[in-house]
$ cat run.csv   # CSV, N, CA and C atoms
chain,number,residue,atom,x,y,z
A,1,MET,N,4.1,-11.9,-44.1
A,1,MET,CA,3.0,-12.8,-44.4
A,1,MET,C,2.7,-13.6,-43.1
A,2,LYS,N,1.5,-13.7,-42.7
A,2,LYS,CA,1.1,-14.5,-41.5
A,2,LYS,C,1.1,-16.0,-41.9
A,3,LYS,N,1.5,-16.8,-40.9
A,3,LYS,CA,1.5,-18.2,-41.0
A,3,LYS,C,0.2,-18.7,-40.6
A,4,ASN,N,-0.4,-19.7,-41.3
A,4,ASN,CA,-1.7,-20.2,-41.0
A,4,ASN,C,-1.7,-21.6,-40.3
A,5,THR,N,-0.5,-22.0,-40.0
A,5,THR,CA,-0.3,-23.3,-39.3
A,5,THR,C,0.5,-23.1,-38.0
A,6,ILE,N,0.2,-24.0,-37.1
A,6,ILE,CA,1.0,-24.2,-35.9
A,6,ILE,C,1.5,-25.6,-35.9
A,7,ASN,N,2.8,-25.7,-36.1
A,7,ASN,CA,3.5,-27.0,-36.2
A,7,ASN,C,3.9,-27.4,-34.8
A,8,VAL,N,3.6,-28.7,-34.5
A,8,VAL,CA,3.9,-29.3,-33.2
A,8,VAL,C,4.8,-30.4,-33.3
A,9,GLY,N,5.8,-30.5,-32.4
A,9,GLY,CA,6.7,-31.7,-32.3
A,9,GLY,C,6.5,-32.3,-30.9
A,10,ILE,N,6.5,-33.6,-30.8
A,10,ILE,CA,6.4,-34.2,-29.5
A,10,ILE,C,7.7,-35.0,-29.2
A,11,LEU,N,8.3,-34.7,-28.0
A,11,LEU,CA,9.5,-35.5,-27.6
A,11,LEU,C,9.1,-36.5,-26.6
A,12,GLY,N,9.3,-37.8,-26.9
A,12,GLY,CA,8.9,-38.9,-26.0
A,12,GLY,C,7.5,-39.4,-26.3
A,13,LEU,N,7.5,-40.7,-26.6
A,13,LEU,CA,6.3,-41.4,-27.0
A,13,LEU,C,5.9,-42.6,-26.1
A,14,GLY,N,6.2,-42.3,-24.8
A,14,GLY,CA,5.7,-43.3,-23.8
A,14,GLY,C,4.2,-43.2,-23.5
A,15,THR,N,3.8,-43.5,-22.3
A,15,THR,CA,2.4,-43.4,-22.0
A,15,THR,C,1.9,-41.9,-22.1
A,16,VAL,N,2.6,-41.0,-21.6
A,16,VAL,CA,2.2,-39.6,-21.6
A,16,VAL,C,2.3,-39.0,-23.0
A,17,GLY,N,3.3,-39.3,-23.8
A,17,GLY,CA,3.5,-38.8,-25.1
A,17,GLY,C,2.4,-39.4,-26.1
A,18,GLN,N,2.1,-40.7,-25.9
A,18,GLN,CA,1.1,-41.3,-26.8
A,18,GLN,C,-0.3,-40.7,-26.4
A,19,GLY,N,-0.5,-40.5,-25.1
A,19,GLY,CA,-1.7,-39.9,-24.6
A,19,GLY,C,-1.9,-38.5,-25.2
A,20,THR,N,-0.8,-37.7,-25.2
A,20,THR,CA,-0.8,-36.4,-25.8
A,20,THR,C,-1.1,-36.4,-27.3
A,21,LEU,N,-0.5,-37.3,-28.0
A,21,LEU,CA,-0.8,-37.6,-29.4
A,21,LEU,C,-2.2,-37.9,-29.7
A,22,LYS,N,-2.8,-38.8,-28.8
A,22,LYS,CA,-4.2,-39.1,-29.0
A,22,LYS,C,-5.1,-38.0,-28.7
A,23,ILE,N,-4.8,-37.2,-27.7
A,23,ILE,CA,-5.7,-36.0,-27.4
A,23,ILE,C,-5.6,-35.0,-28.5
A,24,LEU,N,-4.4,-34.7,-29.0
A,24,LEU,CA,-4.3,-33.8,-30.1
A,24,LEU,C,-5.1,-34.2,-31.4
A,25,GLN,N,-5.0,-35.5,-31.7
A,25,GLN,CA,-5.7,-36.0,-32.8
A,25,GLN,C,-7.3,-36.0,-32.6
A,26,GLU,N,-7.7,-36.5,-31.4
A,26,GLU,CA,-9.1,-36.5,-31.2
A,26,GLU,C,-9.8,-35.2,-31.0
A,27,ASN,N,-9.0,-34.2,-30.6
A,27,ASN,CA,-9.6,-32.8,-30.4
A,27,ASN,C,-9.1,-31.8,-31.4
A,28,LYS,N,-8.5,-32.3,-32.5
A,28,LYS,CA,-8.0,-31.4,-33.5
A,28,LYS,C,-9.0,-30.3,-34.0
A,29,GLU,N,-10.2,-30.8,-34.3
A,29,GLU,CA,-11.2,-29.8,-34.8
A,29,GLU,C,-11.6,-28.8,-33.8
A,30,PHE,N,-11.8,-29.3,-32.5
A,30,PHE,CA,-12.1,-28.3,-31.4
A,30,PHE,C,-11.0,-27.3,-31.2
A,31,ILE,N,-9.8,-27.7,-31.2
A,31,ILE,CA,-8.7,-26.8,-31.0
A,31,ILE,C,-8.6,-25.8,-32.2
A,32,GLU,N,-8.8,-26.3,-33.4
A,32,GLU,CA,-8.7,-25.4,-34.5
A,32,GLU,C,-9.9,-24.4,-34.6
A,33,GLN,N,-11.0,-24.7,-34.0
A,33,GLN,CA,-12.1,-23.8,-33.9
A,33,GLN,C,-11.7,-22.6,-33.0
A,34,LYS,N,-10.9,-22.9,-31.9
A,34,LYS,CA,-10.4,-21.9,-31.0
A,34,LYS,C,-9.3,-21.0,-31.5
A,35,ILE,N,-8.6,-21.6,-32.5
A,35,ILE,CA,-7.4,-20.8,-33.1
A,35,ILE,C,-7.7,-20.4,-34.5
A,36,TYR,N,-8.9,-20.5,-35.0
A,36,TYR,CA,-9.2,-20.2,-36.4
A,36,TYR,C,-8.7,-18.8,-36.7
A,37,PRO,N,-8.0,-18.6,-37.9
A,37,PRO,CA,-8.0,-19.5,-39.0
A,37,PRO,C,-6.8,-20.4,-39.1
A,38,LYS,N,-6.0,-20.5,-38.0
A,38,LYS,CA,-4.9,-21.4,-38.0
A,38,LYS,C,-5.2,-22.9,-37.9
A,39,LYS,N,-4.3,-23.7,-38.3
A,39,LYS,CA,-4.5,-25.1,-38.3
A,39,LYS,C,-3.3,-25.7,-37.5
A,40,ILE,N,-3.6,-26.8,-36.8
A,40,ILE,CA,-2.6,-27.6,-36.0
A,40,ILE,C,-2.0,-28.7,-37.0
A,41,ILE,N,-0.7,-28.7,-37.1
A,41,ILE,CA,0.0,-29.7,-37.9
A,41,ILE,C,0.9,-30.5,-36.9
A,42,LEU,N,0.8,-31.8,-36.9
A,42,LEU,CA,1.7,-32.6,-36.1
A,42,LEU,C,2.9,-32.8,-37.0
A,43,LYS,N,4.0,-32.1,-36.8
A,43,LYS,CA,5.1,-32.1,-37.7
A,43,LYS,C,6.1,-33.3,-37.5
A,44,LYS,N,6.5,-33.5,-36.2
A,44,LYS,CA,7.4,-34.6,-35.9
A,44,LYS,C,7.2,-35.2,-34.6
A,45,LEU,N,7.5,-36.5,-34.5
A,45,LEU,CA,7.4,-37.2,-33.2
A,45,LEU,C,8.8,-37.8,-33.0
A,46,ALA,N,9.3,-37.8,-31.7
A,46,ALA,CA,10.6,-38.3,-31.5
A,46,ALA,C,10.6,-39.2,-30.2
A,47,ASP,N,11.2,-40.3,-30.3
A,47,ASP,CA,11.4,-41.2,-29.2
A,47,ASP,C,12.7,-42.0,-29.5
A,48,LYS,N,13.5,-42.2,-28.4
A,48,LYS,CA,14.8,-42.9,-28.6
A,48,LYS,C,14.7,-44.3,-29.0
A,49,ASP,N,13.5,-44.9,-28.8
A,49,ASP,CA,13.2,-46.3,-29.1
A,49,ASP,C,12.8,-46.4,-30.6
A,50,LYS,N,13.7,-46.8,-31.4
A,50,LYS,CA,13.4,-46.9,-32.9
A,50,LYS,C,12.3,-47.9,-33.2
A,51,THR,N,12.0,-48.8,-32.3
A,51,THR,CA,11.0,-49.8,-32.6
A,51,THR,C,9.7,-49.5,-32.0
A,52,LYS,N,9.5,-48.2,-31.6
A,52,LYS,CA,8.3,-47.8,-30.9
A,52,LYS,C,7.1,-48.1,-31.8
A,53,ILE,N,6.0,-48.7,-31.2
A,53,ILE,CA,4.8,-49.0,-32.0
A,53,ILE,C,3.9,-47.8,-31.8
A,54,LEU,N,3.5,-47.2,-33.0
A,54,LEU,CA,2.7,-46.1,-33.0
A,54,LEU,C,1.2,-46.4,-33.3
A,55,PRO,N,0.3,-45.6,-32.9
A,55,PRO,CA,-1.2,-46.0,-33.0
A,55,PRO,C,-1.7,-45.9,-34.5
A,56,ASP,N,-0.9,-45.3,-35.4
A,56,ASP,CA,-1.4,-45.2,-36.8
A,56,ASP,C,-0.2,-45.2,-37.7
A,57,LYS,N,-0.3,-45.9,-38.8
A,57,LYS,CA,0.9,-46.0,-39.7
A,57,LYS,C,1.3,-44.7,-40.2
A,58,LYS,N,0.4,-43.7,-40.4
A,58,LYS,CA,0.8,-42.4,-40.9
A,58,LYS,C,1.8,-41.7,-40.0
A,59,PHE,N,1.9,-42.0,-38.7
A,59,PHE,CA,2.8,-41.4,-37.8
A,59,PHE,C,4.3,-41.8,-38.1
A,60,TYR,N,4.5,-42.9,-38.7
A,60,TYR,CA,5.9,-43.4,-39.0
A,60,TYR,C,6.6,-42.4,-40.0
A,61,LYS,N,5.8,-41.8,-40.8
A,61,LYS,CA,6.4,-40.8,-41.8
A,61,LYS,C,7.0,-39.6,-41.1
A,62,ILE,N,6.6,-39.3,-39.9
A,62,ILE,CA,7.1,-38.1,-39.2
A,62,ILE,C,7.8,-38.5,-37.9
A,63,PHE,N,8.1,-39.8,-37.8
A,63,PHE,CA,8.8,-40.3,-36.6
A,63,PHE,C,10.3,-40.3,-36.7
A,64,THR,N,11.0,-39.9,-35.7
A,64,THR,CA,12.5,-39.9,-35.6
A,64,THR,C,12.9,-40.4,-34.2
A,65,ASP,N,14.2,-40.9,-34.2
A,65,ASP,CA,14.7,-41.3,-32.9
A,65,ASP,C,15.7,-40.1,-32.4
A,66,SER,N,15.6,-39.0,-33.1
A,66,SER,CA,16.5,-37.9,-32.7
A,66,SER,C,15.7,-36.7,-32.2
A,67,ALA,N,15.7,-36.4,-30.9
A,67,ALA,CA,15.1,-35.3,-30.3
A,67,ALA,C,15.6,-34.0,-30.9
A,68,GLU,N,16.9,-34.0,-31.3
A,68,GLU,CA,17.5,-32.8,-31.9
A,68,GLU,C,16.8,-32.4,-33.2
A,69,GLU,N,16.3,-33.3,-33.9
A,69,GLU,CA,15.6,-33.0,-35.2
A,69,GLU,C,14.4,-32.1,-34.9
A,70,ILE,N,13.7,-32.3,-33.8
A,70,ILE,CA,12.6,-31.5,-33.4
A,70,ILE,C,13.1,-30.1,-32.9
A,71,ILE,N,14.1,-30.2,-32.0
A,71,ILE,CA,14.6,-29.0,-31.3
A,71,ILE,C,15.2,-28.0,-32.4
A,72,ASN,N,15.8,-28.6,-33.4
A,72,ASN,CA,16.5,-27.7,-34.4
A,72,ASN,C,15.7,-27.4,-35.7
A,73,ASP,N,14.4,-27.9,-35.7
A,73,ASP,CA,13.5,-27.6,-36.8
A,73,ASP,C,12.9,-26.2,-36.7
A,74,PRO,N,13.3,-25.3,-37.6
A,74,PRO,CA,12.8,-23.9,-37.5
A,74,PRO,C,11.3,-23.8,-37.8
A,75,GLU,N,10.7,-24.8,-38.4
A,75,GLU,CA,9.3,-24.8,-38.7
A,75,GLU,C,8.4,-25.2,-37.5
A,76,ILE,N,9.0,-25.8,-36.5
A,76,ILE,CA,8.2,-26.3,-35.4
A,76,ILE,C,8.0,-25.1,-34.4
A,77,ASP,N,6.7,-24.9,-34.1
A,77,ASP,CA,6.3,-23.7,-33.3
A,77,ASP,C,6.2,-24.1,-31.8
A,78,ILE,N,5.7,-25.4,-31.6
A,78,ILE,CA,5.5,-25.8,-30.2
A,78,ILE,C,6.2,-27.2,-30.0
A,79,VAL,N,7.0,-27.3,-29.0
A,79,VAL,CA,7.6,-28.5,-28.6
A,79,VAL,C,7.0,-29.0,-27.3
A,80,VAL,N,6.4,-30.2,-27.4
A,80,VAL,CA,5.8,-30.8,-26.2
A,80,VAL,C,6.8,-31.9,-25.7
A,81,GLU,N,7.3,-31.7,-24.5
A,81,GLU,CA,8.3,-32.6,-23.9
A,81,GLU,C,7.5,-33.5,-22.9
A,82,THR,N,7.6,-34.8,-23.3
A,82,THR,CA,6.9,-35.8,-22.5
A,82,THR,C,7.9,-37.0,-22.1
A,83,ILE,N,9.2,-36.6,-22.1
A,83,ILE,CA,10.2,-37.6,-21.7
A,83,ILE,C,10.2,-37.8,-20.2
A,84,GLY,N,10.3,-39.0,-19.8
A,84,GLY,CA,10.3,-39.3,-18.4
A,84,GLY,C,11.7,-39.0,-17.8
A,85,GLY,N,11.6,-38.5,-16.5
A,85,GLY,CA,12.9,-38.2,-15.8
A,85,GLY,C,13.3,-36.8,-16.0
A,86,PHE,N,14.5,-36.5,-15.4
A,86,PHE,CA,15.0,-35.1,-15.4
A,86,PHE,C,15.9,-34.9,-16.6
A,87,GLU,N,16.8,-35.8,-16.9
A,87,GLU,CA,17.6,-35.7,-18.1
A,87,GLU,C,17.3,-36.8,-19.0
A,88,PRO,N,17.4,-36.6,-20.3
A,88,PRO,CA,17.8,-35.4,-21.0
A,88,PRO,C,16.8,-34.3,-21.2
A,89,ALA,N,15.6,-34.5,-20.6
A,89,ALA,CA,14.5,-33.5,-20.8
A,89,ALA,C,14.9,-32.1,-20.5
A,90,LYS,N,15.5,-31.9,-19.4
A,90,LYS,CA,15.9,-30.5,-19.0
A,90,LYS,C,16.8,-29.9,-20.1
A,91,SER,N,17.9,-30.6,-20.4
A,91,SER,CA,18.8,-30.1,-21.4
A,91,SER,C,18.2,-29.8,-22.8
A,92,LEU,N,17.3,-30.7,-23.2
A,92,LEU,CA,16.6,-30.5,-24.5
A,92,LEU,C,15.7,-29.2,-24.5
A,93,ILE,N,15.0,-29.0,-23.4
A,93,ILE,CA,14.1,-27.8,-23.3
A,93,ILE,C,15.0,-26.6,-23.2
A,94,ILE,N,16.1,-26.6,-22.4
A,94,ILE,CA,16.9,-25.4,-22.4
A,94,ILE,C,17.5,-25.1,-23.8
A,95,GLN,N,17.9,-26.2,-24.5
A,95,GLN,CA,18.4,-26.0,-25.9
A,95,GLN,C,17.3,-25.4,-26.8
A,96,ASP,N,16.1,-25.9,-26.6
A,96,ASP,CA,15.0,-25.5,-27.4
A,96,ASP,C,14.7,-24.0,-27.2
A,97,ARG,N,14.7,-23.6,-25.9
A,97,ARG,CA,14.4,-22.2,-25.6
A,97,ARG,C,15.4,-21.3,-26.2
A,98,LYS,N,16.7,-21.7,-26.1
A,98,LYS,CA,17.8,-20.9,-26.6
A,98,LYS,C,17.7,-20.8,-28.2
A,99,THR,N,17.4,-21.9,-28.8
A,99,THR,CA,17.3,-21.9,-30.3
A,99,THR,C,16.1,-21.0,-30.7
A,100,ARG,N,15.0,-21.2,-30.1
A,100,ARG,CA,13.8,-20.4,-30.5
A,100,ARG,C,13.9,-18.9,-30.2
A,101,SER,N,14.5,-18.6,-29.1
A,101,SER,CA,14.6,-17.1,-28.8
A,101,SER,C,15.5,-16.4,-29.8
A,102,TYR,N,16.4,-17.1,-30.5
A,102,TYR,CA,17.3,-16.5,-31.5
A,102,TYR,C,16.5,-16.3,-32.8
A,103,ARG,N,15.4,-17.1,-33.0
A,103,ARG,CA,14.7,-17.0,-34.3
A,103,ARG,C,13.7,-15.9,-34.2
A,104,GLN,N,13.3,-15.4,-33.1
A,104,GLN,CA,12.2,-14.4,-33.0
A,104,GLN,C,12.6,-13.0,-33.3
$ encode --input "run.csv" --output "structure tokens"
Amino acid sequence: MKKNTINVGILGLGTVGQGTLKILQENKEFIEQKIYPKKIILKKLADKDKTKILPDKKFYKIFTDSAEEIINDPEIDIVVETIGGFEPAKSLIIQDRKTRSYRQ
């Protein structure tokens, strides 16, 4: 059975991460026209700062301070890494690639 959703997780909610979140939300309909009949679902957001202020209250329901929750979630299809600096970003992406390659 084919899946009709593409689940997205974002690692890091600084300037770039929140910009990515904003672009995904503002362009959701346009993106979905290009990938019809699939839908984009923002599944999880992660930032190490538990007090992060998000642009909409609805995002707190999918917010976590654990990047591993996104990396280890088998339902997430796309992981967007927007963490500043080299580490832990590199290690998380390597872990994600290894985890996802075993699922396919």
$ atom_distance --input "run.csv" --atom1 "atom C of Thr5 of chain A" --atom2 "atom C of Ile94 of chain A"
22.2 Å
$ residues_around --input "run.csv" --residues "Leu21 of chain A" --least-positions-apart "2" --cutoff "12 Å" --atoms "only C-alpha atoms" --output "PyMOL selection string"
chain A and resi 8-19+23-28+41-46+54-56+59+80-82
$ atom_distance --input "run.csv" --atom1 "atom CA of Thr20 of chain A" --atom2 "atom CA of Glu68 of chain A"
19.6 Å
$ atom_distance --input "run.csv" --atom1 "atom CA of Glu75 of chain A" --atom2 "atom CA of Lys90 of chain A"
21.5 Å
$ select_by_dssp --input "run.csv" --residues "chain A" --states "alpha helix (DSSP H)" --output "VMD selection string"
chain A and resid 15 to 26 28 to 34 67 to 71 89 to 103
$ build_atoms --input "run.csv" --residues "segment 28-41 of chain A" --atoms "N, CA, C and O atoms" --output "compact mmCIF listing (two decimals), in the frame of the given file"
# COMPACT_ATOMS: atom_id res chain seq x y z
N LYS A 28 -8.50 -32.30 -32.50
CA LYS A 28 -8.00 -31.40 -33.50
C LYS A 28 -9.00 -30.30 -34.00
O LYS A 28 -8.73 -29.13 -34.03
N GLU A 29 -10.20 -30.80 -34.30
CA GLU A 29 -11.20 -29.80 -34.80
C GLU A 29 -11.60 -28.80 -33.80
O GLU A 29 -11.76 -27.61 -34.06
N PHE A 30 -11.80 -29.30 -32.50
CA PHE A 30 -12.10 -28.30 -31.40
C PHE A 30 -11.00 -27.30 -31.20
O PHE A 30 -11.33 -26.10 -31.10
N ILE A 31 -9.80 -27.70 -31.20
CA ILE A 31 -8.70 -26.80 -31.00
C ILE A 31 -8.60 -25.80 -32.20
O ILE A 31 -8.44 -24.62 -31.94
N GLU A 32 -8.80 -26.30 -33.40
CA GLU A 32 -8.70 -25.40 -34.50
C GLU A 32 -9.90 -24.40 -34.60
O GLU A 32 -9.70 -23.32 -35.09
N GLN A 33 -11.00 -24.70 -34.00
CA GLN A 33 -12.10 -23.80 -33.90
C GLN A 33 -11.70 -22.60 -33.00
O GLN A 33 -12.01 -21.46 -33.21
N LYS A 34 -10.90 -22.90 -31.90
CA LYS A 34 -10.40 -21.90 -31.00
C LYS A 34 -9.30 -21.00 -31.50
O LYS A 34 -9.13 -19.93 -31.06
N ILE A 35 -8.60 -21.60 -32.50
CA ILE A 35 -7.40 -20.80 -33.10
C ILE A 35 -7.70 -20.40 -34.50
O ILE A 35 -6.72 -19.98 -35.19
N TYR A 36 -8.90 -20.50 -35.00
CA TYR A 36 -9.20 -20.20 -36.40
C TYR A 36 -8.70 -18.80 -36.70
O TYR A 36 -8.71 -17.87 -35.91
N PRO A 37 -8.00 -18.60 -37.90
CA PRO A 37 -8.00 -19.50 -39.00
C PRO A 37 -6.80 -20.40 -39.10
O PRO A 37 -6.54 -21.07 -40.09
N LYS A 38 -6.00 -20.50 -38.00
CA LYS A 38 -4.90 -21.40 -38.00
C LYS A 38 -5.20 -22.90 -37.90
O LYS A 38 -6.31 -23.20 -37.43
N LYS A 39 -4.30 -23.70 -38.30
CA LYS A 39 -4.50 -25.10 -38.30
C LYS A 39 -3.30 -25.70 -37.50
O LYS A 39 -2.21 -25.25 -37.51
N ILE A 40 -3.60 -26.80 -36.80
CA ILE A 40 -2.60 -27.60 -36.00
C ILE A 40 -2.00 -28.70 -37.00
O ILE A 40 -2.80 -29.43 -37.54
N ILE A 41 -0.70 -28.70 -37.10
CA ILE A 41 0.00 -29.70 -37.90
C ILE A 41 0.90 -30.50 -36.90
O ILE A 41 1.78 -29.84 -36.32
